[in-house]
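**Q** Pasting upload_32.cif below, which is mmCIF, C-alpha atoms.
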```cif
data_entry
#
loop_
_atom_site.group_PDB
_atom_site.id
_atom_site.type_symbol
_atom_site.label_atom_id
_atom_site.label_comp_id
_atom_site.auth_asym_id
_atom_site.auth_seq_id
_atom_site.Cartn_x
_atom_site.Cartn_y
_atom_site.Cartn_z
ATOM 1 C CA PRO A 17 20.447 -191.528 -71.392
ATOM 2 C CA ALA A 18 20.494 -191.128 -75.160
ATOM 3 C CA PRO A 19 17.154 -190.640 -76.983
ATOM 4 C CA HIS A 20 16.656 -194.408 -77.370
ATOM 5 C CA GLU A 21 17.680 -195.166 -73.774
ATOM 6 C CA VAL A 22 16.268 -195.057 -70.256
ATOM 7 C CA MET A 23 17.989 -194.420 -66.941
ATOM 8 C CA VAL A 24 17.543 -197.114 -64.290
ATOM 9 C CA THR A 25 18.087 -196.729 -60.557
ATOM 10 C CA THR A 26 18.841 -200.197 -59.237
ATOM 11 C CA LEU A 27 16.979 -201.721 -56.300
ATOM 12 C CA PHE A 28 18.512 -205.214 -56.319
ATOM 13 C CA SER A 29 20.848 -207.310 -58.407
ATOM 14 C CA GLY A 30 21.618 -211.011 -58.259
ATOM 15 C CA ILE A 31 24.937 -212.837 -58.309
ATOM 16 C CA SER A 32 24.999 -215.700 -60.791
ATOM 17 C CA ARG A 33 27.566 -217.727 -58.863
ATOM 18 C CA GLY A 34 28.670 -220.235 -61.499
ATOM 19 C CA THR A 35 29.478 -217.805 -64.298
ATOM 20 C CA GLU A 36 30.624 -214.937 -62.092
ATOM 21 C CA ARG A 37 33.037 -217.231 -60.257
ATOM 22 C CA LEU A 38 34.675 -218.225 -63.555
ATOM 23 C CA VAL A 39 34.947 -214.557 -64.518
ATOM 24 C CA PHE A 40 36.297 -213.567 -61.075
ATOM 25 C CA GLU A 41 38.940 -216.295 -61.192
ATOM 26 C CA GLY A 42 40.023 -215.439 -64.745
ATOM 27 C CA ARG A 43 38.806 -218.744 -66.194
ATOM 28 C CA VAL A 44 37.029 -217.435 -69.304
ATOM 29 C CA PRO A 45 38.843 -219.043 -72.273
ATOM 30 C CA THR A 46 40.574 -216.525 -74.511
ATOM 31 C CA ALA A 47 38.671 -217.827 -77.529
ATOM 32 C CA GLU A 48 35.369 -217.106 -75.717
ATOM 33 C CA HIS A 49 36.132 -213.553 -74.585
ATOM 34 C CA ALA A 50 33.878 -211.963 -77.211
ATOM 35 C CA ARG A 51 31.004 -214.438 -76.873
ATOM 36 C CA MET A 52 30.993 -214.326 -73.070
ATOM 37 C CA ARG A 53 30.605 -210.560 -72.788
ATOM 38 C CA CYS A 54 27.415 -209.647 -70.960
ATOM 39 C CA PRO A 55 25.194 -207.063 -72.687
ATOM 40 C CA LEU A 56 26.299 -203.981 -70.697
ATOM 41 C CA GLN A 57 29.769 -205.163 -69.705
ATOM 42 C CA GLU A 58 32.539 -202.564 -69.516
ATOM 43 C CA GLY A 59 36.185 -203.557 -69.815
ATOM 44 C CA ASP A 60 37.671 -206.690 -71.326
ATOM 45 C CA PHE A 61 38.428 -210.127 -69.878
ATOM 46 C CA PRO A 62 40.183 -211.249 -67.784
ATOM 47 C CA PHE A 63 38.919 -209.848 -64.454
ATOM 48 C CA PRO A 64 38.519 -207.063 -63.378
ATOM 49 C CA VAL A 65 35.590 -206.126 -65.599
ATOM 50 C CA LYS A 66 32.191 -204.622 -64.933
ATOM 51 C CA TYR A 67 30.134 -207.813 -65.086
ATOM 52 C CA GLY A 68 26.722 -209.167 -64.149
ATOM 53 C CA TYR A 69 23.320 -209.638 -65.756
ATOM 54 C CA ALA A 70 20.583 -209.568 -63.139
ATOM 55 C CA ALA A 71 19.595 -206.014 -62.211
ATOM 56 C CA VAL A 72 16.149 -204.918 -61.038
ATOM 57 C CA GLY A 73 15.289 -201.264 -60.627
ATOM 58 C CA LEU A 74 13.039 -198.329 -61.417
ATOM 59 C CA ILE A 75 13.150 -196.225 -64.567
ATOM 60 C CA THR A 76 14.121 -192.725 -63.442
ATOM 61 C CA GLY A 77 14.978 -191.134 -66.783
ATOM 62 C CA GLY A 78 13.669 -191.375 -70.302
ATOM 63 C CA PRO A 79 10.130 -191.290 -71.748
ATOM 64 C CA SER A 80 7.657 -189.870 -69.239
ATOM 65 C CA ALA A 81 5.273 -192.798 -69.766
ATOM 66 C CA ARG A 82 7.849 -195.183 -68.307
ATOM 67 C CA LEU A 83 9.072 -193.155 -65.322
ATOM 68 C CA GLY A 84 8.766 -195.145 -62.103
ATOM 69 C CA GLN A 85 8.255 -198.439 -63.942
ATOM 70 C CA PRO A 86 9.917 -201.450 -62.248
ATOM 71 C CA VAL A 87 12.091 -203.325 -64.741
ATOM 72 C CA PHE A 88 14.597 -206.153 -65.127
ATOM 73 C CA VAL A 89 17.763 -205.526 -67.136
ATOM 74 C CA LEU A 90 20.684 -207.776 -68.080
ATOM 75 C CA ALA A 91 23.046 -205.303 -66.420
ATOM 76 C CA PRO A 92 26.039 -205.470 -64.036
ATOM 77 C CA HIS A 93 25.991 -204.699 -60.314
ATOM 78 C CA GLN A 94 25.696 -200.918 -60.564
ATOM 79 C CA SER A 95 23.488 -198.469 -58.688
ATOM 80 C CA ARG A 96 22.500 -196.365 -61.733
ATOM 81 C CA PHE A 97 22.924 -196.994 -65.441
ATOM 82 C CA ALA A 98 21.557 -196.115 -68.851
ATOM 83 C CA CYS A 99 20.471 -198.858 -71.241
ATOM 84 C CA PRO A 100 18.514 -199.232 -74.484
ATOM 85 C CA ALA A 101 14.814 -198.851 -73.645
ATOM 86 C CA ALA A 102 14.002 -202.250 -75.183
ATOM 87 C CA MET A 103 16.366 -203.990 -72.726
ATOM 88 C CA ALA A 104 14.398 -202.732 -69.713
ATOM 89 C CA ARG A 105 11.711 -205.405 -69.452
ATOM 90 C CA PRO A 106 8.712 -204.429 -67.280
ATOM 91 C CA LEU A 107 8.035 -206.638 -64.265
ATOM 92 C CA PRO A 108 4.674 -208.410 -64.553
ATOM 93 C CA GLU A 109 2.043 -207.769 -61.916
ATOM 94 C CA GLY A 110 2.663 -209.837 -58.812
ATOM 95 C CA LEU A 111 6.441 -210.202 -59.235
ATOM 96 C CA ALA A 112 8.328 -208.533 -56.385
ATOM 97 C CA PRO A 113 11.640 -206.860 -57.302
ATOM 98 C CA GLU A 114 13.315 -209.006 -54.630
ATOM 99 C CA LEU A 115 12.518 -212.159 -56.661
ATOM 100 C CA ALA A 116 12.917 -210.672 -60.132
ATOM 101 C CA VAL A 117 16.712 -210.991 -59.697
ATOM 102 C CA LEU A 118 16.184 -214.657 -60.687
ATOM 103 C CA ALA A 119 14.962 -213.716 -64.180
ATOM 104 C CA ALA A 120 18.219 -214.388 -66.049
ATOM 105 C CA ASN A 121 18.510 -217.774 -64.332
ATOM 106 C CA MET A 122 14.899 -218.586 -65.194
ATOM 107 C CA GLU A 123 15.559 -217.610 -68.812
ATOM 108 C CA THR A 124 18.471 -220.069 -68.850
ATOM 109 C CA ALA A 125 16.362 -222.800 -67.247
ATOM 110 C CA LEU A 126 13.557 -222.257 -69.758
ATOM 111 C CA THR A 127 16.040 -222.609 -72.613
ATOM 112 C CA VAL A 128 17.386 -225.833 -71.097
ATOM 113 C CA VAL A 129 13.880 -227.301 -70.877
ATOM 114 C CA TRP A 130 13.234 -226.357 -74.508
ATOM 115 C CA ASP A 131 16.525 -227.954 -75.597
ATOM 116 C CA ALA A 132 15.725 -231.076 -73.574
ATOM 117 C CA GLY A 133 12.264 -231.510 -75.081
ATOM 118 C CA VAL A 134 10.721 -232.645 -71.786
ATOM 119 C CA GLY A 135 7.132 -233.796 -72.217
ATOM 120 C CA PRO A 136 4.221 -234.942 -70.019
ATOM 121 C CA GLY A 137 4.886 -238.195 -68.226
ATOM 122 C CA ASP A 138 8.669 -238.154 -68.714
ATOM 123 C CA ARG A 139 11.044 -239.386 -66.044
ATOM 124 C CA VAL A 140 13.581 -236.583 -65.634
ATOM 125 C CA ALA A 141 16.810 -236.421 -63.653
ATOM 126 C CA VAL A 142 18.589 -233.112 -62.983
ATOM 127 C CA VAL A 143 22.167 -233.525 -61.765
ATOM 128 C CA GLY A 144 23.262 -230.503 -59.744
ATOM 129 C CA ALA A 145 20.828 -228.623 -57.493
ATOM 130 C CA GLY A 146 22.261 -225.150 -57.862
ATOM 131 C CA VAL A 147 20.065 -222.301 -59.071
ATOM 132 C CA ILE A 148 19.906 -223.451 -62.704
ATOM 133 C CA GLY A 149 19.375 -227.109 -61.833
ATOM 134 C CA ALA A 150 16.731 -226.230 -59.256
ATOM 135 C CA LEU A 151 14.831 -223.975 -61.669
ATOM 136 C CA VAL A 152 15.010 -226.615 -64.400
ATOM 137 C CA GLY A 153 13.643 -229.147 -61.930
ATOM 138 C CA ARG A 154 10.863 -226.764 -60.930
ATOM 139 C CA LEU A 155 9.818 -226.139 -64.543
ATOM 140 C CA CYS A 156 9.868 -229.859 -65.350
ATOM 141 C CA ALA A 157 7.885 -230.692 -62.201
ATOM 142 C CA ARG A 158 5.118 -228.343 -63.372
ATOM 143 C CA ILE A 159 4.653 -230.378 -66.576
ATOM 144 C CA PRO A 160 1.764 -232.825 -66.018
ATOM 145 C CA GLY A 161 2.771 -236.356 -65.119
ATOM 146 C CA THR A 162 6.515 -235.833 -64.968
ATOM 147 C CA GLU A 163 8.655 -237.599 -62.371
ATOM 148 C CA VAL A 164 11.551 -235.271 -61.550
ATOM 149 C CA THR A 165 14.543 -236.036 -59.319
ATOM 150 C CA LEU A 166 17.159 -233.493 -58.294
ATOM 151 C CA ILE A 167 20.539 -235.123 -57.651
ATOM 152 C CA ASP A 168 23.185 -233.394 -55.563
ATOM 153 C CA HIS A 169 26.086 -234.423 -53.330
ATOM 154 C CA THR A 170 24.752 -232.126 -50.586
ATOM 155 C CA PRO A 171 22.001 -234.006 -48.691
ATOM 156 C CA ALA A 172 20.688 -230.715 -47.299
ATOM 157 C CA ARG A 173 19.348 -229.899 -50.776
ATOM 158 C CA ALA A 174 16.650 -232.552 -50.239
ATOM 159 C CA GLY A 175 14.465 -229.965 -48.502
ATOM 160 C CA LEU A 176 14.866 -227.566 -51.417
ATOM 161 C CA ALA A 177 13.931 -230.317 -53.865
ATOM 162 C CA ALA A 178 10.770 -231.138 -51.922
ATOM 163 C CA HIS A 179 9.851 -227.444 -51.759
ATOM 164 C CA LEU A 180 10.111 -227.289 -55.553
ATOM 165 C CA GLY A 181 7.998 -230.398 -56.075
ATOM 166 C CA CYS A 182 10.891 -232.708 -56.980
ATOM 167 C CA GLY A 183 12.311 -235.910 -55.601
ATOM 168 C CA PHE A 184 15.894 -236.009 -54.368
ATOM 169 C CA ALA A 185 18.830 -238.400 -54.403
ATOM 170 C CA VAL A 186 22.567 -238.265 -53.808
ATOM 171 C CA PRO A 187 24.789 -239.429 -56.691
ATOM 172 C CA GLY A 188 24.725 -243.179 -57.103
ATOM 173 C CA ASP A 189 21.308 -243.605 -55.493
ATOM 174 C CA ALA A 190 19.066 -242.176 -58.205
ATOM 175 C CA ARG A 191 16.882 -244.384 -60.376
ATOM 176 C CA GLY A 192 18.189 -244.827 -63.922
ATOM 177 C CA GLY A 193 16.389 -245.406 -67.192
ATOM 178 C CA CYS A 194 15.399 -241.742 -67.473
ATOM 179 C CA ASP A 195 13.819 -240.235 -70.566
ATOM 180 C CA VAL A 196 15.702 -236.960 -70.149
ATOM 181 C CA VAL A 197 18.742 -236.113 -68.020
ATOM 182 C CA ILE A 198 20.000 -232.575 -67.471
ATOM 183 C CA HIS A 199 23.503 -231.984 -66.134
ATOM 184 C CA ALA A 200 24.009 -228.739 -64.210
ATOM 185 C CA SER A 201 26.740 -229.527 -61.666
ATOM 186 C CA ALA A 202 29.697 -228.196 -63.729
ATOM 187 C CA SER A 203 31.774 -231.242 -62.754
ATOM 188 C CA ALA A 204 33.118 -234.333 -64.485
ATOM 189 C CA PRO A 205 31.621 -236.724 -61.874
ATOM 190 C CA GLY A 206 28.251 -235.045 -62.358
ATOM 191 C CA LEU A 207 28.399 -235.560 -66.116
ATOM 192 C CA ALA A 208 29.311 -239.223 -65.598
ATOM 193 C CA GLU A 209 26.303 -239.575 -63.285
ATOM 194 C CA ALA A 210 24.062 -237.954 -65.892
ATOM 195 C CA LEU A 211 25.147 -240.429 -68.559
ATOM 196 C CA ARG A 212 24.608 -243.310 -66.135
ATOM 197 C CA LEU A 213 21.017 -242.274 -65.483
ATOM 198 C CA ALA A 214 19.966 -242.044 -69.123
ATOM 199 C CA GLY A 215 17.730 -244.750 -70.591
ATOM 200 C CA PRO A 216 18.138 -246.185 -74.099
ATOM 201 C CA GLU A 217 18.229 -243.453 -76.776
ATOM 202 C CA ALA A 218 17.610 -240.793 -74.126
ATOM 203 C CA VAL A 219 18.723 -237.176 -74.283
ATOM 204 C CA VAL A 220 21.424 -235.871 -71.935
ATOM 205 C CA VAL A 221 21.603 -232.067 -71.890
ATOM 206 C CA GLU A 222 24.819 -230.390 -70.767
ATOM 207 C CA ALA A 223 23.652 -227.166 -69.120
ATOM 208 C CA SER A 224 26.902 -226.428 -67.246
ATOM 209 C CA TRP A 225 29.534 -224.028 -68.478
ATOM 210 C CA HIS A 226 32.999 -225.266 -67.571
ATOM 211 C CA GLY A 227 34.989 -222.232 -68.691
ATOM 212 C CA ALA A 228 38.630 -223.065 -69.427
ATOM 213 C CA ALA A 229 38.462 -226.457 -67.649
ATOM 214 C CA GLU A 230 38.938 -229.668 -69.610
ATOM 215 C CA VAL A 231 36.270 -232.182 -68.582
ATOM 216 C CA ALA A 232 36.524 -235.949 -69.000
ATOM 217 C CA VAL A 233 33.472 -237.427 -70.717
ATOM 218 C CA PRO A 234 32.969 -241.194 -70.184
ATOM 219 C CA LEU A 235 31.967 -242.283 -73.683
ATOM 220 C CA GLY A 236 32.840 -245.922 -73.085
ATOM 221 C CA GLY A 237 30.567 -248.424 -71.355
ATOM 222 C CA ALA A 238 26.963 -248.195 -72.470
ATOM 223 C CA PHE A 239 27.156 -244.785 -74.165
ATOM 224 C CA HIS A 240 27.136 -246.177 -77.705
ATOM 225 C CA SER A 241 25.079 -249.312 -77.137
ATOM 226 C CA GLN A 242 22.391 -247.159 -75.500
ATOM 227 C CA ARG A 243 22.577 -244.711 -78.426
ATOM 228 C CA LEU A 244 22.546 -241.739 -76.064
ATOM 229 C CA ARG A 245 22.395 -238.169 -77.352
ATOM 230 C CA LEU A 246 24.569 -235.604 -75.569
ATOM 231 C CA ILE A 247 23.659 -232.030 -76.501
ATOM 232 C CA SER A 248 24.646 -228.608 -75.237
ATOM 233 C CA SER A 249 22.340 -225.858 -74.067
ATOM 234 C CA GLN A 250 23.346 -222.192 -74.023
ATOM 235 C CA VAL A 251 21.158 -219.180 -73.372
ATOM 236 C CA GLY A 252 22.986 -216.864 -75.785
ATOM 237 C CA CYS A 253 20.411 -217.520 -78.492
ATOM 238 C CA VAL A 254 16.880 -218.888 -78.756
ATOM 239 C CA PRO A 255 16.859 -222.593 -79.758
ATOM 240 C CA PRO A 256 16.497 -222.966 -83.553
ATOM 241 C CA ALA A 257 13.099 -224.676 -83.398
ATOM 242 C CA ARG A 258 11.623 -221.598 -81.686
ATOM 243 C CA ALA A 259 13.661 -218.849 -83.331
ATOM 244 C CA PRO A 260 11.121 -218.168 -86.117
ATOM 245 C CA ARG A 261 8.578 -217.092 -83.478
ATOM 246 C CA TRP A 262 10.595 -216.145 -80.397
ATOM 247 C CA ASP A 263 13.165 -213.420 -79.845
ATOM 248 C CA ASN A 264 15.185 -212.706 -76.712
ATOM 249 C CA ALA A 265 12.678 -210.137 -75.456
ATOM 250 C CA ARG A 266 9.755 -212.555 -75.669
ATOM 251 C CA ARG A 267 11.797 -215.239 -73.916
ATOM 252 C CA MET A 268 12.748 -212.860 -71.092
ATOM 253 C CA ASP A 269 9.123 -211.775 -70.662
ATOM 254 C CA ALA A 270 8.157 -215.461 -70.420
ATOM 255 C CA ALA A 271 10.818 -216.018 -67.737
ATOM 256 C CA LEU A 272 9.500 -213.074 -65.729
ATOM 257 C CA ALA A 273 5.937 -214.388 -66.017
ATOM 258 C CA LEU A 274 7.034 -217.817 -64.780
ATOM 259 C CA LEU A 275 8.586 -216.208 -61.712
ATOM 260 C CA ALA A 276 5.488 -214.114 -61.056
ATOM 261 C CA GLY A 277 3.343 -217.203 -60.849
ATOM 262 C CA ASP A 278 5.571 -219.198 -58.528
ATOM 263 C CA GLY A 279 6.365 -218.120 -54.973
ATOM 264 C CA ALA A 280 8.319 -221.334 -54.330
ATOM 265 C CA VAL A 281 11.346 -219.869 -56.094
ATOM 266 C CA ALA A 282 11.967 -217.574 -53.104
ATOM 267 C CA ALA A 283 13.803 -220.544 -51.565
ATOM 268 C CA LEU A 284 16.607 -219.960 -54.075
ATOM 269 C CA ILE A 285 17.635 -216.651 -52.466
ATOM 270 C CA SER A 286 20.402 -217.767 -50.118
ATOM 271 C CA GLY A 287 21.566 -214.421 -48.748
ATOM 272 C CA GLU A 288 21.718 -210.664 -49.206
ATOM 273 C CA THR A 289 24.553 -208.122 -49.055
ATOM 274 C CA GLY A 290 24.566 -204.343 -49.413
ATOM 275 C CA LEU A 291 26.376 -202.972 -52.460
ATOM 276 C CA ASP A 292 28.826 -201.007 -50.280
ATOM 277 C CA ASP A 293 29.903 -204.256 -48.608
ATOM 278 C CA LEU A 294 30.250 -206.215 -51.847
ATOM 279 C CA PRO A 295 33.961 -205.472 -52.549
ATOM 280 C CA HIS A 296 34.913 -207.228 -49.308
ATOM 281 C CA ALA A 297 32.322 -210.013 -49.493
ATOM 282 C CA TYR A 298 32.298 -210.935 -53.179
ATOM 283 C CA GLY A 299 35.072 -213.536 -53.171
ATOM 284 C CA ALA A 300 33.644 -215.387 -50.168
ATOM 285 C CA ILE A 301 30.137 -215.397 -51.670
ATOM 286 C CA LEU A 302 31.451 -216.976 -54.875
ATOM 287 C CA ALA A 303 33.576 -219.531 -53.007
ATOM 288 C CA ASP A 304 30.783 -220.722 -50.694
ATOM 289 C CA PRO A 305 29.239 -223.941 -52.104
ATOM 290 C CA ASP A 306 26.015 -223.172 -50.232
ATOM 291 C CA THR A 307 25.472 -219.987 -52.248
ATOM 292 C CA LEU A 308 22.443 -220.201 -54.515
ATOM 293 C CA CYS A 309 21.277 -216.771 -55.691
ATOM 294 C CA HIS A 310 22.911 -214.124 -53.514
ATOM 295 C CA ARG A 311 21.011 -210.856 -53.733
ATOM 296 C CA ILE A 312 22.694 -207.446 -53.683
ATOM 297 C CA ARG A 313 20.739 -204.601 -52.101
ATOM 298 C CA HIS A 314 21.388 -201.186 -53.695
#
```
Could I get this structure in the form of structure tokens?
**A**
Amino acid sequence: PAPHEVMVTTLFSGISRGTERLVFEGRVPTAEHARMRCPLQEGDFPFPVKYGYAAVGLITGGPSARLGQPVFVLAPHQSRFACPAAMARPLPEGLAPELAVLAANMETALTVVWDAGVGPGDRVAVVGAGVIGALVGRLCARIPGTEVTLIDHTPARAGLAAHLGCGFAVPGDARGGCDVVIHASASAPGLAEALRLAGPEAVVVEASWHGAAEVAVPLGGAFHSQRLRLISSQVGCVPPARAPRWDNARRMDAALALLAGDGAVAALISGETGLDDLPHAYGAILADPDTLCHRIRH
């Protein structure tokens, strides 16, 4: 490590299936190559690149005061790496390294909730019960008085929704007239369902990233008469309303603290693979629709 860096020996890392699948399949749009680089990426798009942003490990080099400290870093799947010391965020007391791999996903979910402006008593629908949708639902369900429904085409996700304190419905069966709708299914039918569920003048937040895909958006029907607002959410920067007080480090520390106080999120770990086995298993992990957060053991 350079003087301003620390060395990290990785314990676990997490696969972020949605984004990593787009990278693996070469579906990052050319115009987005620069913006979609992860902080410690090596190589250039398309795949293969050194990619990933959910590493948890111990500081094993750098300032003596930090040696042995467990940290989370937005780093690729790599057993040892050097990074700027400020990027290595200490794990709060009570957060196991095995669960800290969810920190980047929690940071994204927190940003989505900020962009959505969910408040006490709101009726909220989250379309898509993957990791991001599930974490968004969990955060919204912890706001007093909210009524939160996770919507997914896989009925087996009903148990996950209940575990996270949310209701559940398959597409077409959910109650409409919602105050806030969050779309996280990365599909055109899911976005259509999200628009259908929104009440008059409600906010619909697009939290999916579709990569190079062109997605049909049904702006006919009641979209204009209901005066719906369709907005995007992206974790690359802190939302403008919070930027004067929040930076990325504070937001990441908040995400880690939210994980430390919530053991229910362990249900989002859907499997574990050793790093040595990852070259042979990676494609199948990304292709499996039942994958939530797949943990890599280093």
**Q** Just how far from atom CA of A:Val89 is atom CA of A:Ala132, in Å to one decimal?
**A** 26.4 Å
**Q** A:Ala157: which residues within 7 Å, counting only C-alpha atoms, same-chain residues fewer than 4 positions away excluded, as a PyMOL selection string?
**A** chain A and resi 153+162-164+181-182
**Q** Write out the residues from the selection above, keeping C-alpha atoms, as a tab-separated table (two decimals), in the frame of the given file.
**A**
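What ended up in selection_22.tsv:
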```tsv
chain	number	residue	atom	x	y	z
A	153	GLY	CA	13.64	-229.15	-61.93
A	162	THR	CA	6.52	-235.83	-64.97
A	163	GLU	CA	8.65	-237.60	-62.37
A	164	VAL	CA	11.55	-235.27	-61.55
A	181	GLY	CA	8.00	-230.40	-56.08
A	182	CYS	CA	10.89	-232.71	-56.98
```
**Q** Can you work out which one of A:Ile75, A:Val39, A:Ala112, A:Met23 has the shortest atom-to-atom distance to A:Phe97, counting only C-alpha atoms?
**A**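 Closest candidate: A:Met23.
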**Q** Can you translate the PyMOL selection byres ((chain A and resi 268-278) around 10) into the concrete residues it hits in this file, as a PDB file with C-alpha atoms, in the coordinates of the input?
**A**
```
ATOM      1  CA  PHE A  88      14.597-206.153 -65.127  1.00  0.00           C
ATOM      2  CA  VAL A  89      17.763-205.526 -67.136  1.00  0.00           C
ATOM      3  CA  LEU A  90      20.684-207.776 -68.080  1.00  0.00           C
ATOM      4  CA  MET A 103      16.366-203.990 -72.726  1.00  0.00           C
ATOM      5  CA  ARG A 105      11.711-205.405 -69.452  1.00  0.00           C
ATOM      6  CA  PRO A 106       8.712-204.429 -67.280  1.00  0.00           C
ATOM      7  CA  LEU A 107       8.035-206.638 -64.265  1.00  0.00           C
ATOM      8  CA  PRO A 108       4.674-208.410 -64.553  1.00  0.00           C
ATOM      9  CA  GLU A 109       2.043-207.769 -61.916  1.00  0.00           C
ATOM     10  CA  GLY A 110       2.663-209.837 -58.812  1.00  0.00           C
ATOM     11  CA  LEU A 111       6.441-210.202 -59.235  1.00  0.00           C
ATOM     12  CA  ALA A 112       8.328-208.533 -56.385  1.00  0.00           C
ATOM     13  CA  LEU A 115      12.518-212.159 -56.661  1.00  0.00           C
ATOM     14  CA  ALA A 116      12.917-210.672 -60.132  1.00  0.00           C
ATOM     15  CA  VAL A 117      16.712-210.991 -59.697  1.00  0.00           C
ATOM     16  CA  LEU A 118      16.184-214.657 -60.687  1.00  0.00           C
ATOM     17  CA  ALA A 119      14.962-213.716 -64.180  1.00  0.00           C
ATOM     18  CA  ALA A 120      18.219-214.388 -66.049  1.00  0.00           C
ATOM     19  CA  ASN A 121      18.510-217.774 -64.332  1.00  0.00           C
ATOM     20  CA  MET A 122      14.899-218.586 -65.194  1.00  0.00           C
ATOM     21  CA  GLU A 123      15.559-217.610 -68.812  1.00  0.00           C
ATOM     22  CA  THR A 124      18.471-220.069 -68.850  1.00  0.00           C
ATOM     23  CA  ALA A 125      16.362-222.800 -67.247  1.00  0.00           C
ATOM     24  CA  LEU A 126      13.557-222.257 -69.758  1.00  0.00           C
ATOM     25  CA  THR A 127      16.040-222.609 -72.613  1.00  0.00           C
ATOM     26  CA  LEU A 151      14.831-223.975 -61.669  1.00  0.00           C
ATOM     27  CA  ARG A 154      10.863-226.764 -60.930  1.00  0.00           C
ATOM     28  CA  LEU A 155       9.818-226.139 -64.543  1.00  0.00           C
ATOM     29  CA  LEU A 180      10.111-227.289 -55.553  1.00  0.00           C
ATOM     30  CA  ASP A 263      13.165-213.420 -79.845  1.00  0.00           C
ATOM     31  CA  ASN A 264      15.185-212.706 -76.712  1.00  0.00           C
ATOM     32  CA  ALA A 265      12.678-210.137 -75.456  1.00  0.00           C
ATOM     33  CA  ARG A 266       9.755-212.555 -75.669  1.00  0.00           C
ATOM     34  CA  ARG A 267      11.797-215.239 -73.916  1.00  0.00           C
ATOM     35  CA  GLY A 279       6.365-218.120 -54.973  1.00  0.00           C
ATOM     36  CA  ALA A 280       8.319-221.334 -54.330  1.00  0.00           C
ATOM     37  CA  VAL A 281      11.346-219.869 -56.094  1.00  0.00           C
ATOM     38  CA  ALA A 282      11.967-217.574 -53.104  1.00  0.00           C
TER      39      ALA A 282
END
```
**Q** When you draw a straight line from atom CA of A:His226 to atom CA of A:Gly183, how long is it in Å?
**A**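 Answer for the atom CA of A:His226 to atom CA of A:Gly183 separation: 26.2 Å.
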**Q** Could you list, as a PyMOL selection string, every residue within 10 Å of A:Pro17, counting only C-alpha atoms and ignoring same-chain residues fewer than 4 positions away?
**A** chain A and resi 21-24+77-78+97-101
**Q** Neighbouring residues of A:Ile301 were defined as those with any atom within 12 Å, considering all atoms listed in the file; residues of the same chain fewer than 6 positions away were excluded. Please report them as JSON, numbers by chain.
**A** {"A": [30, 31, 32, 33, 34, 36, 37, 40, 286, 287, 288, 289, 293, 294, 295, 307, 308, 309, 310, 311, 312]}
